[in-house]
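Novice: Structure file model-v5.txt, compact mmCIF, C-alpha atoms, is pasted below:
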# COMPACT_ATOMS: atom_id res chain seq x y z
CA MET A 279 90.75 110.80 30.83
CA PRO A 280 93.50 113.06 29.43
CA GLY A 281 96.60 113.69 31.52
CA PHE A 282 98.13 116.97 32.63
CA ASN A 283 99.16 119.57 30.02
CA ILE A 284 102.65 119.64 31.48
CA SER A 285 102.96 115.86 30.91
CA GLN A 286 102.18 116.29 27.20
CA LYS A 287 104.67 119.14 26.93
CA ALA A 288 107.37 117.08 28.70
CA ALA A 289 106.64 114.13 26.41
CA ASP A 290 106.91 116.39 23.33
CA TYR A 291 110.25 117.68 24.61
CA PHE A 292 111.56 114.14 25.18
CA GLU A 293 110.33 113.07 21.74
CA LYS A 294 112.00 116.02 20.03
CA ASN A 295 115.37 115.54 21.73
CA LEU A 296 115.56 111.76 21.97
CA ASN A 297 113.71 110.76 18.76
CA LEU A 298 111.21 108.64 20.71
CA SER A 299 108.61 106.36 19.13
CA GLU A 300 104.87 107.04 19.70
CA ASP A 301 104.75 104.26 22.34
CA ASP A 302 107.72 105.70 24.23
CA LYS A 303 106.23 109.18 24.06
CA GLU A 304 103.00 107.84 25.60
CA VAL A 305 105.02 106.16 28.37
CA ALA A 306 106.90 109.43 29.06
CA ALA A 307 103.62 111.38 29.37
CA TYR A 308 102.10 108.71 31.65
CA SER A 309 105.19 108.62 33.87
CA VAL A 310 105.14 112.42 34.34
CA ASP A 311 101.41 112.11 35.18
CA ILE A 312 102.01 109.58 37.94
CA ALA A 313 105.02 111.52 39.27
CA ILE A 314 102.77 114.61 39.63
CA LEU A 315 99.97 112.48 41.12
CA THR A 316 102.39 111.17 43.75
CA ILE A 317 104.13 114.42 44.62
CA MET A 318 101.04 116.71 44.65
CA PRO A 319 98.94 114.85 47.30
CA LEU A 320 102.05 113.90 49.32
CA VAL A 321 103.21 117.52 49.62
CA ALA A 322 99.64 118.60 50.48
CA ILE A 323 99.41 115.85 53.15
CA ILE A 324 102.80 116.81 54.65
CA ILE A 325 101.78 120.49 54.87
CA ALA A 326 98.27 119.84 56.25
CA ALA A 327 99.35 117.13 58.71
CA GLY A 328 102.37 119.21 59.79
CA LEU A 329 100.13 122.20 60.53
CA LEU A 330 97.72 120.01 62.51
CA GLY A 331 100.53 118.26 64.41
CA CYS A 332 99.89 114.73 63.17
CA LEU A 333 102.58 114.23 60.51
CA PRO A 334 104.05 110.88 61.73
CA THR A 335 100.66 109.17 62.12
CA ALA A 336 99.32 110.63 58.85
CA LEU A 337 102.39 109.31 56.99
CA THR A 338 101.97 105.91 58.69
CA ALA A 339 98.40 105.78 57.36
CA VAL A 340 99.49 106.87 53.86
CA LEU A 341 102.25 104.27 53.76
CA THR A 342 99.91 101.47 54.89
CA ILE A 343 97.13 102.44 52.47
CA SER A 344 99.57 102.82 49.56
CA ALA A 345 101.30 99.48 50.22
CA LEU A 346 97.96 97.66 50.15
CA ARG A 347 96.40 99.74 47.40
CA VAL A 348 99.11 99.13 44.82
CA LEU A 349 98.48 95.37 45.20
CA SER A 350 94.73 95.18 45.79
CA GLY A 351 93.39 98.17 43.79
CA GLY A 352 90.09 99.75 44.80
CA ALA A 353 87.67 102.61 44.23
CA HIS A 354 88.89 105.63 42.29
CA SER A 355 88.19 109.27 41.87
CA GLU A 356 87.30 110.67 38.45
CA CYS A 357 89.84 113.51 38.44
CA PRO A 358 93.27 114.30 39.97
CA ILE A 359 92.06 117.29 42.03
CA ASN A 360 89.34 115.22 43.73
CA CYS A 361 91.94 112.50 44.29
CA SER A 362 94.23 114.95 46.09
CA ILE A 363 91.40 116.39 48.23
CA ILE A 364 90.22 112.90 49.29
CA SER A 365 93.80 111.75 50.00
CA VAL A 366 94.58 114.78 52.16
CA ALA A 367 91.26 114.66 54.07
CA LEU A 368 91.66 110.95 54.70
CA ALA A 369 95.31 110.99 55.77
CA VAL A 370 94.87 113.98 58.06
CA SER A 371 91.66 112.58 59.64
CA ILE A 372 93.28 109.22 60.36
CA GLY A 373 96.48 110.90 61.55
CA LYS A 374 94.67 113.26 63.92
CA ALA A 375 92.33 110.58 65.28
CA SER A 376 95.31 108.31 65.96
CA MET A 377 97.16 111.11 67.77
CA ILE A 378 94.11 111.88 69.94
CA PHE A 379 93.00 108.33 70.77
CA GLY A 380 96.33 106.52 70.43
CA ASN A 381 97.34 106.97 74.04
CA GLN A 382 93.86 106.54 75.52
CA ILE A 383 93.19 103.03 74.27
CA PRO A 384 94.46 100.12 76.42
CA VAL A 385 97.05 97.84 74.80
CA LEU A 386 94.74 94.82 74.91
CA ALA A 387 91.96 96.76 73.15
CA SER A 388 94.46 97.91 70.50
CA ALA A 389 95.59 94.33 69.90
CA PHE A 390 91.94 93.23 69.68
CA PHE A 391 91.27 96.02 67.14
CA VAL A 392 94.27 94.92 65.05
CA VAL A 393 93.14 91.28 65.00
CA ILE A 394 89.51 92.14 64.14
CA VAL A 395 90.55 94.53 61.32
CA SER A 396 92.98 91.95 59.99
CA GLY A 397 90.34 89.19 60.03
CA ILE A 398 87.78 91.29 58.15
CA SER A 399 90.42 92.57 55.73
CA LEU A 400 91.69 89.05 54.92
CA GLN A 401 88.12 87.92 54.25
CA VAL A 402 87.35 90.88 51.95
CA VAL A 403 90.72 90.71 50.15
CA SER A 404 90.38 86.96 49.53
CA LEU A 405 86.93 87.53 48.02
CA LEU A 406 87.37 90.77 46.07
CA ALA A 407 91.03 91.66 45.43
CA PRO A 408 92.43 92.70 43.06
CA VAL A 409 89.80 95.34 42.23
CA GLU A 410 90.90 96.61 38.83
CA THR A 411 90.14 99.85 37.02
CA ALA A 412 89.18 100.57 33.42
CA ALA A 413 92.41 102.58 33.04
CA ASN A 414 94.54 99.54 34.00
CA PRO A 415 92.59 96.34 33.32
CA ILE A 416 93.93 92.93 34.39
CA THR A 417 93.63 90.48 31.52
CA ASP A 418 95.87 87.69 32.80
CA ASP A 419 94.29 85.30 35.33
CA ASN A 420 97.70 84.29 36.72
CA ARG A 421 98.46 87.92 37.44
CA ARG A 422 95.09 88.26 39.22
CA GLN A 423 95.89 85.25 41.44
CA LYS A 424 99.38 86.60 42.14
CA LEU A 425 98.05 90.03 43.16
CA ARG A 426 95.45 88.43 45.45
CA LYS A 427 98.15 86.36 47.19
CA LEU A 428 100.43 89.39 47.51
CA SER A 429 97.54 91.46 48.95
CA LEU A 430 96.84 88.76 51.56
CA ALA A 431 100.57 88.58 52.38
CA ALA A 432 100.67 92.38 52.79
CA VAL A 433 97.72 92.33 55.24
CA ILE A 434 99.37 89.53 57.26
CA PHE A 435 102.73 91.36 57.26
CA ILE A 436 101.15 94.63 58.47
CA THR A 437 99.21 92.77 61.21
CA VAL A 438 102.31 90.96 62.49
CA LEU A 439 104.29 94.21 62.47
CA GLN A 440 101.50 95.99 64.41
CA LEU A 441 101.38 93.23 67.06
CA ILE A 442 105.19 93.23 67.41
CA LEU A 443 105.21 97.02 67.87
CA LEU A 444 102.44 96.79 70.48
CA TYR A 445 104.42 94.11 72.35
CA VAL A 446 107.79 95.95 72.17
CA ASN A 447 106.72 99.43 73.27
CA PRO A 448 102.97 100.06 73.55
CA GLU A 449 103.35 103.59 74.97
CA THR A 450 105.23 104.81 71.90
CA PHE A 451 103.67 102.74 69.15
CA THR A 452 99.92 102.51 69.94
CA ARG A 453 99.15 105.65 67.92
CA TYR A 454 101.06 104.29 64.88
CA VAL A 455 99.39 100.89 65.22
CA LEU A 456 96.01 102.64 65.33
CA ALA A 457 96.90 104.74 62.24
CA ALA A 458 97.96 101.61 60.32
CA GLY A 459 94.80 99.77 61.47
CA LEU A 460 92.56 102.59 60.29
CA GLY A 461 94.52 102.65 57.02
CA VAL A 462 93.88 98.93 56.48
CA THR A 463 90.19 99.47 57.37
CA TRP A 464 89.87 102.26 54.82
CA GLN A 465 91.66 100.37 52.06
CA THR A 466 89.51 97.28 52.73
CA PHE A 467 86.37 99.45 52.54
CA SER A 468 87.52 100.89 49.19
CA LEU A 469 87.55 97.34 47.73
CA THR A 470 83.85 96.82 48.43
CA PRO A 471 80.85 98.03 46.39
CA TYR A 472 80.14 100.46 49.25
CA GLY A 473 83.63 101.91 48.76
CA TYR A 474 82.83 102.46 45.09
CA LYS A 475 79.53 104.13 46.00
CA PHE A 476 81.37 106.36 48.47
CA GLY A 477 83.93 107.31 45.78
CA HIS A 478 81.17 108.21 43.36
CA TRP A 479 79.32 110.19 46.02
CA ALA A 480 82.51 112.05 47.05
CA ASP A 481 83.16 112.91 43.39
CA LEU A 482 79.64 114.31 42.97
CA ILE A 483 79.94 116.52 46.06
CA LEU A 484 83.48 117.73 45.26
CA ASN A 485 82.52 118.53 41.65
CA LYS A 486 79.55 120.58 42.89
CA VAL A 487 81.68 122.46 45.43
CA ARG A 488 84.42 123.17 42.86
CA ARG A 489 81.92 124.50 40.27
CA ARG A 490 80.60 127.16 42.71
CA MET B 107 127.05 120.67 25.91
CA LYS B 108 124.74 118.87 23.47
CA PHE B 109 126.06 115.52 24.70
CA MET B 110 125.46 116.55 28.34
CA ARG B 111 121.87 117.54 27.58
CA TYR B 112 121.27 114.34 25.64
CA SER B 113 122.69 112.22 28.49
CA PHE B 114 120.60 114.08 31.08
CA LEU B 115 117.39 113.66 29.08
CA LEU B 116 118.14 109.99 28.43
CA SER B 117 118.71 109.39 32.17
CA MET B 118 115.49 111.23 33.03
CA PHE B 119 113.57 109.21 30.45
CA GLY B 120 115.06 105.98 31.88
CA ILE B 121 114.01 106.90 35.43
CA LEU B 122 110.51 107.91 34.30
CA THR B 123 110.07 104.71 32.28
CA PHE B 124 111.17 102.68 35.31
CA LEU B 125 108.60 104.55 37.44
CA ALA B 126 105.87 103.97 34.84
CA LYS B 127 106.62 100.24 34.56
CA GLY B 128 106.65 99.91 38.35
CA SER B 129 103.30 101.68 38.62
CA VAL B 130 101.49 99.11 36.47
CA SER B 131 102.67 96.14 38.52
CA GLY B 132 99.43 96.43 40.53
CA PRO B 133 95.83 97.08 39.48
CA CYS B 134 96.10 100.79 40.28
CA TRP B 135 98.42 103.58 41.23
CA VAL B 136 98.59 104.41 44.94
CA GLY B 137 96.40 107.52 44.85
CA TRP B 138 92.70 107.94 44.27
CA TYR B 139 93.10 108.69 40.58
CA GLN B 140 94.47 106.20 38.04
CA PRO B 141 95.62 107.75 34.76
CA GLU B 142 95.12 105.62 31.66
CA VAL B 143 97.97 103.13 31.36
CA PRO B 144 99.71 103.21 27.92
CA LYS B 145 98.87 100.15 25.81
CA SER B 146 102.54 99.17 25.55
CA LEU B 147 102.74 98.83 29.37
CA ARG B 148 99.49 96.91 29.93
CA LYS B 149 99.89 93.40 31.32
Translate this file's structure into C-alpha cells.
Specialist:
Amino acid sequence: MPGFNISQKAADYFEKNLNLSEDDKEVAAYSVDIAILTIMPLVAIIIAAGLLGCLPTALTAVLTISALRVLSGGAHSECPINCSIISVALAVSIGKASMIFGNQIPVLASAFFVVIVSGISLQVVSLLAPVETAANPITDDNRRQKLRKLSLAAVIFITVLQLILLYVNPETFTRYVLAAGLGVTWQTFSLTPYGYKFGHWADLILNKVRRR
Amino acid sequence: MKFMRYSFLLSMFGILTFLAKGSVSGPCWVGWYQPEVPKSLRK
C-alpha cells in the first residue's frame, strides 16, 4: 500500500538536501507516514471526545489500547482513512460509555470486571500474540517470544494499576478503570480471528459509505 | 543560512528516523493501519 503523497514529497526534499541513500529516503517517507497516522486520528479523537465531554476517559482508552497494540499487534484496516474513522469511533464510544457507567458500577463489580478481563486477555495473548501483519512481518522466533512476554507483562501491569486505582480512590478512578478495561477487551478481541473478521467487515462497510 | 537549513533538516531526519525505528519494535504501529515497513528497518 503506497504512503501519503506528502511523505514522498518530504522524502524527496530530504534526499535532495541531505544526499540520502535510497534506503534512508524510504525510511524518511515511512517516518512521515507514521507521524501523520499518529497525529491525524489523535487530533480527531481529541476534538470528537472533547465535544462529547469524554476526553479523559477516551484518552485513557487510547493509551491502554496503544500500549498493548504496539507489543501484541492485531487486526488492521486496509487504508488510513478507515483507520482514523475506526479509531475515533472506538475511542469516543469507550470514553462515553465509561463516563456514563463509571460512577454507577459498584467498586466490587469493577474489580471483578478487571480480573475477568485480565484473565481472558492473558489467555488470548499467551496463545495468539504477537499477531503480525504483512507490512511488518516477524521473522525472528526470539523476537516473537520476547513480544509475547512483553505483551503479557503489559496486561499484568495494566491490571495491577487498575486494582491499585480502585483501592486508592474508587469514586474518582472507576470511570478510568472501566475505560482501560474496555480498551484491553477491545485489543484482546482484535488479536482473535473474530477481530480480523470484524476489521474486514468494517473496511467493506466504510469503503461502501465513502464511495457514495 | 545554508548551514542552518542543513542542520535543521539533519535534526528533523534524525528525529524521524528515531520515530521510524521505534515504530518497528512491535508487530504493528499503534493505529488501525500499518504502512509497509522499509526493508532496511525490518527485524
Novice: Hey, which of A:Leu469, A:Ala457, A:Ile378, A:Val321 ends up closest to Ser350 of chain A? Count only C-alpha atoms.
Specialist: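 With only C-alpha atoms as the atom set, the closest residue is A:Leu469.
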Novice: For chain B, list the residues within 6 Å of chain A, counting all atoms listed in the file, and write the list as a list in words.
Specialist: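 Putting it all together, I get Leu122, Ala126, Gly132, Pro133, Cys134, Trp135, Val136, Trp138, Tyr139, Glu142 and Val143 of chain B.
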Novice: Quick one: residues within 12 Å of Glu449 of chain A, all atoms listed in the file counted, chain neighbours fewer than 2 positions away excluded, as a ChimeraX atom specification?
Specialist: /A:380-385,388,443-447,451-455
Novice: Near Thr463 of chain A, counting all atoms listed in the file, which residues have an atom at most 12 Å away, once you skip same-chain residues fewer than 3 positions from it, shown as a PyMOL selection string?
Specialist: chain A and resi 339+342-343+346-347+368+372+391-400+402-403+433+437+456-460+466-470+473
Novice: Just how far from atom CA of Trp464 of chain A is atom CA of Thr338 of chain A, in Å to one decimal?
Specialist: 13.2 Å
Novice: Provide the atom CA of Pro334 of chain A to atom CA of Gly373 of chain A distance in Å, to one decimal place.
Specialist: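 Result for atom CA of Pro334 of chain A versus atom CA of Gly373 of chain A: 7.6 Å, one decimal.
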Novice: Quick one, how far is atom CA of Gly461 of chain A from atom CA of Val366 of chain A?
Specialist: 13.1 Å
Novice: May I ask which of the residues A:Ala480, A:Ile436, A:Leu441, A:Ala431 is the closest one to Ala389 of chain A, counting all atoms listed in the file?
Specialist: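 Closest candidate: A:Leu441.
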Novice: May I ask which of the residues B:Pro141, B:Met107, B:Ser113, B:Leu147 is the closest one to Gly128 of chain B, counting only C-alpha atoms?
Specialist: B:Leu147
Novice: Axis-aligned box over every listed atom of segment 110-119 of chain B, padded by 6 Å per side: centre and edges in Å to one decimal, as lines of an AutoDock Vina configuration file?
Specialist:
center_x = 119.5
center_y = 113.4
center_z = 29.3
size_x = 23.9
size_y = 20.3
size_z = 19.4
Novice: Restrict the output to segment 306-343 of chain A and N, CA and C atoms, then write it as a PDB file, in the first residue's frame.
Specialist:
ATOM      1  N   ALA A 306      12.731   7.845   5.566  1.00  0.00           N
ATOM      2  CA  ALA A 306      12.171   9.190   5.771  1.00  0.00           C
ATOM      3  C   ALA A 306      10.688   9.212   5.387  1.00  0.00           C
ATOM      4  N   ALA A 307      10.343   8.604   4.244  1.00  0.00           N
ATOM      5  CA  ALA A 307       8.948   8.582   3.791  1.00  0.00           C
ATOM      6  C   ALA A 307       8.074   7.806   4.778  1.00  0.00           C
ATOM      7  N   TYR A 308       8.582   6.667   5.247  1.00  0.00           N
ATOM      8  CA  TYR A 308       7.836   5.833   6.203  1.00  0.00           C
ATOM      9  C   TYR A 308       7.607   6.585   7.512  1.00  0.00           C
ATOM     10  N   SER A 309       8.659   7.309   7.976  1.00  0.00           N
ATOM     11  CA  SER A 309       8.534   8.001   9.256  1.00  0.00           C
ATOM     12  C   SER A 309       7.522   9.148   9.171  1.00  0.00           C
ATOM     13  N   VAL A 310       7.468   9.830   8.029  1.00  0.00           N
ATOM     14  CA  VAL A 310       6.452  10.893   7.868  1.00  0.00           C
ATOM     15  C   VAL A 310       5.061  10.255   7.837  1.00  0.00           C
ATOM     16  N   ASP A 311       4.944   9.087   7.179  1.00  0.00           N
ATOM     17  CA  ASP A 311       3.673   8.339   7.158  1.00  0.00           C
ATOM     18  C   ASP A 311       3.171   8.063   8.574  1.00  0.00           C
ATOM     19  N   ILE A 312       4.060   7.502   9.405  1.00  0.00           N
ATOM     20  CA  ILE A 312       3.585   7.111  10.744  1.00  0.00           C
ATOM     21  C   ILE A 312       3.354   8.337  11.635  1.00  0.00           C
ATOM     22  N   ALA A 313       4.089   9.433  11.367  1.00  0.00           N
ATOM     23  CA  ALA A 313       3.821  10.674  12.126  1.00  0.00           C
ATOM     24  C   ALA A 313       2.410  11.169  11.793  1.00  0.00           C
ATOM     25  N   ILE A 314       2.057  11.153  10.503  1.00  0.00           N
ATOM     26  CA  ILE A 314       0.709  11.589  10.085  1.00  0.00           C
ATOM     27  C   ILE A 314      -0.345  10.642  10.666  1.00  0.00           C
ATOM     28  N   LEU A 315      -0.042   9.329  10.610  1.00  0.00           N
ATOM     29  CA  LEU A 315      -1.008   8.335  11.102  1.00  0.00           C
ATOM     30  C   LEU A 315      -1.203   8.396  12.615  1.00  0.00           C
ATOM     31  N   THR A 316      -0.257   9.013  13.314  1.00  0.00           N
ATOM     32  CA  THR A 316      -0.419   9.189  14.759  1.00  0.00           C
ATOM     33  C   THR A 316      -1.186  10.468  15.040  1.00  0.00           C
ATOM     34  N   ILE A 317      -0.761  11.549  14.372  1.00  0.00           N
ATOM     35  CA  ILE A 317      -1.335  12.870  14.665  1.00  0.00           C
ATOM     36  C   ILE A 317      -2.797  12.960  14.193  1.00  0.00           C
ATOM     37  N   MET A 318      -3.073  12.449  12.972  1.00  0.00           N
ATOM     38  CA  MET A 318      -4.416  12.600  12.381  1.00  0.00           C
ATOM     39  C   MET A 318      -5.525  11.978  13.264  1.00  0.00           C
ATOM     40  N   PRO A 319      -5.431  10.677  13.639  1.00  0.00           N
ATOM     41  CA  PRO A 319      -6.505  10.131  14.488  1.00  0.00           C
ATOM     42  C   PRO A 319      -6.526  10.754  15.883  1.00  0.00           C
ATOM     43  N   LEU A 320      -5.323  11.073  16.419  1.00  0.00           N
ATOM     44  CA  LEU A 320      -5.269  11.635  17.773  1.00  0.00           C
ATOM     45  C   LEU A 320      -5.975  12.989  17.846  1.00  0.00           C
ATOM     46  N   VAL A 321      -5.718  13.848  16.855  1.00  0.00           N
ATOM     47  CA  VAL A 321      -6.388  15.156  16.817  1.00  0.00           C
ATOM     48  C   VAL A 321      -7.897  14.964  16.665  1.00  0.00           C
ATOM     49  N   ALA A 322      -8.289  14.028  15.775  1.00  0.00           N
ATOM     50  CA  ALA A 322      -9.722  13.760  15.562  1.00  0.00           C
ATOM     51  C   ALA A 322     -10.373  13.240  16.848  1.00  0.00           C
ATOM     52  N   ILE A 323      -9.661  12.365  17.576  1.00  0.00           N
ATOM     53  CA  ILE A 323     -10.197  11.823  18.842  1.00  0.00           C
ATOM     54  C   ILE A 323     -10.335  12.943  19.870  1.00  0.00           C
ATOM     55  N   ILE A 324      -9.315  13.806  19.972  1.00  0.00           N
ATOM     56  CA  ILE A 324      -9.356  14.900  20.953  1.00  0.00           C
ATOM     57  C   ILE A 324     -10.536  15.833  20.663  1.00  0.00           C
ATOM     58  N   ILE A 325     -10.746  16.160  19.384  1.00  0.00           N
ATOM     59  CA  ILE A 325     -11.861  17.051  19.029  1.00  0.00           C
ATOM     60  C   ILE A 325     -13.212  16.379  19.325  1.00  0.00           C
ATOM     61  N   ALA A 326     -13.372  15.134  18.827  1.00  0.00           N
ATOM     62  CA  ALA A 326     -14.663  14.436  18.995  1.00  0.00           C
ATOM     63  C   ALA A 326     -14.957  14.171  20.478  1.00  0.00           C
ATOM     64  N   ALA A 327     -13.959  13.674  21.204  1.00  0.00           N
ATOM     65  CA  ALA A 327     -14.179  13.357  22.625  1.00  0.00           C
ATOM     66  C   ALA A 327     -14.386  14.642  23.436  1.00  0.00           C
ATOM     67  N   GLY A 328     -13.679  15.707  23.065  1.00  0.00           N
ATOM     68  CA  GLY A 328     -13.850  16.995  23.742  1.00  0.00           C
ATOM     69  C   GLY A 328     -15.271  17.514  23.550  1.00  0.00           C
ATOM     70  N   LEU A 329     -15.775  17.414  22.335  1.00  0.00           N
ATOM     71  CA  LEU A 329     -17.136  17.893  22.048  1.00  0.00           C
ATOM     72  C   LEU A 329     -18.186  17.068  22.796  1.00  0.00           C
ATOM     73  N   LEU A 330     -17.906  15.765  22.971  1.00  0.00           N
ATOM     74  CA  LEU A 330     -18.871  14.890  23.645  1.00  0.00           C
ATOM     75  C   LEU A 330     -18.631  14.797  25.159  1.00  0.00           C
ATOM     76  N   GLY A 331     -17.636  15.531  25.647  1.00  0.00           N
ATOM     77  CA  GLY A 331     -17.384  15.590  27.090  1.00  0.00           C
ATOM     78  C   GLY A 331     -16.810  14.322  27.682  1.00  0.00           C
ATOM     79  N   CYS A 332     -15.984  13.598  26.916  1.00  0.00           N
ATOM     80  CA  CYS A 332     -15.398  12.371  27.468  1.00  0.00           C
ATOM     81  C   CYS A 332     -13.905  12.276  27.145  1.00  0.00           C
ATOM     82  N   LEU A 333     -13.240  13.425  27.094  1.00  0.00           N
ATOM     83  CA  LEU A 333     -11.825  13.438  26.687  1.00  0.00           C
ATOM     84  C   LEU A 333     -10.910  12.599  27.604  1.00  0.00           C
ATOM     85  N   PRO A 334     -10.975  12.765  28.948  1.00  0.00           N
ATOM     86  CA  PRO A 334     -10.041  11.993  29.786  1.00  0.00           C
ATOM     87  C   PRO A 334     -10.207  10.478  29.649  1.00  0.00           C
ATOM     88  N   THR A 335     -11.458  10.003  29.602  1.00  0.00           N
ATOM     89  CA  THR A 335     -11.671   8.550  29.508  1.00  0.00           C
ATOM     90  C   THR A 335     -11.319   8.028  28.104  1.00  0.00           C
ATOM     91  N   ALA A 336     -11.605   8.855  27.075  1.00  0.00           N
ATOM     92  CA  ALA A 336     -11.250   8.436  25.708  1.00  0.00           C
ATOM     93  C   ALA A 336      -9.729   8.322  25.578  1.00  0.00           C
ATOM     94  N   LEU A 337      -9.002   9.279  26.158  1.00  0.00           N
ATOM     95  CA  LEU A 337      -7.536   9.220  26.085  1.00  0.00           C
ATOM     96  C   LEU A 337      -6.974   8.057  26.909  1.00  0.00           C
ATOM     97  N   THR A 338      -7.652   7.734  28.019  1.00  0.00           N
ATOM     98  CA  THR A 338      -7.241   6.562  28.817  1.00  0.00           C
ATOM     99  C   THR A 338      -7.354   5.296  27.970  1.00  0.00           C
ATOM    100  N   ALA A 339      -8.481   5.183  27.248  1.00  0.00           N
ATOM    101  CA  ALA A 339      -8.692   4.011  26.383  1.00  0.00           C
ATOM    102  C   ALA A 339      -7.638   3.962  25.278  1.00  0.00           C
ATOM    103  N   VAL A 340      -7.368   5.111  24.649  1.00  0.00           N
ATOM    104  CA  VAL A 340      -6.384   5.168  23.556  1.00  0.00           C
ATOM    105  C   VAL A 340      -4.997   4.753  24.057  1.00  0.00           C
ATOM    106  N   LEU A 341      -4.638   5.281  25.216  1.00  0.00           N
ATOM    107  CA  LEU A 341      -3.319   4.972  25.787  1.00  0.00           C
ATOM    108  C   LEU A 341      -3.187   3.473  26.093  1.00  0.00           C
ATOM    109  N   THR A 342      -4.237   2.894  26.667  1.00  0.00           N
ATOM    110  CA  THR A 342      -4.215   1.462  27.016  1.00  0.00           C
ATOM    111  C   THR A 342      -4.130   0.604  25.752  1.00  0.00           C
ATOM    112  N   ILE A 343      -4.987   0.921  24.781  1.00  0.00           N
ATOM    113  CA  ILE A 343      -5.003   0.134  23.533  1.00  0.00           C
ATOM    114  C   ILE A 343      -3.643   0.241  22.835  1.00  0.00           C
TER     115      ILE A 343
END
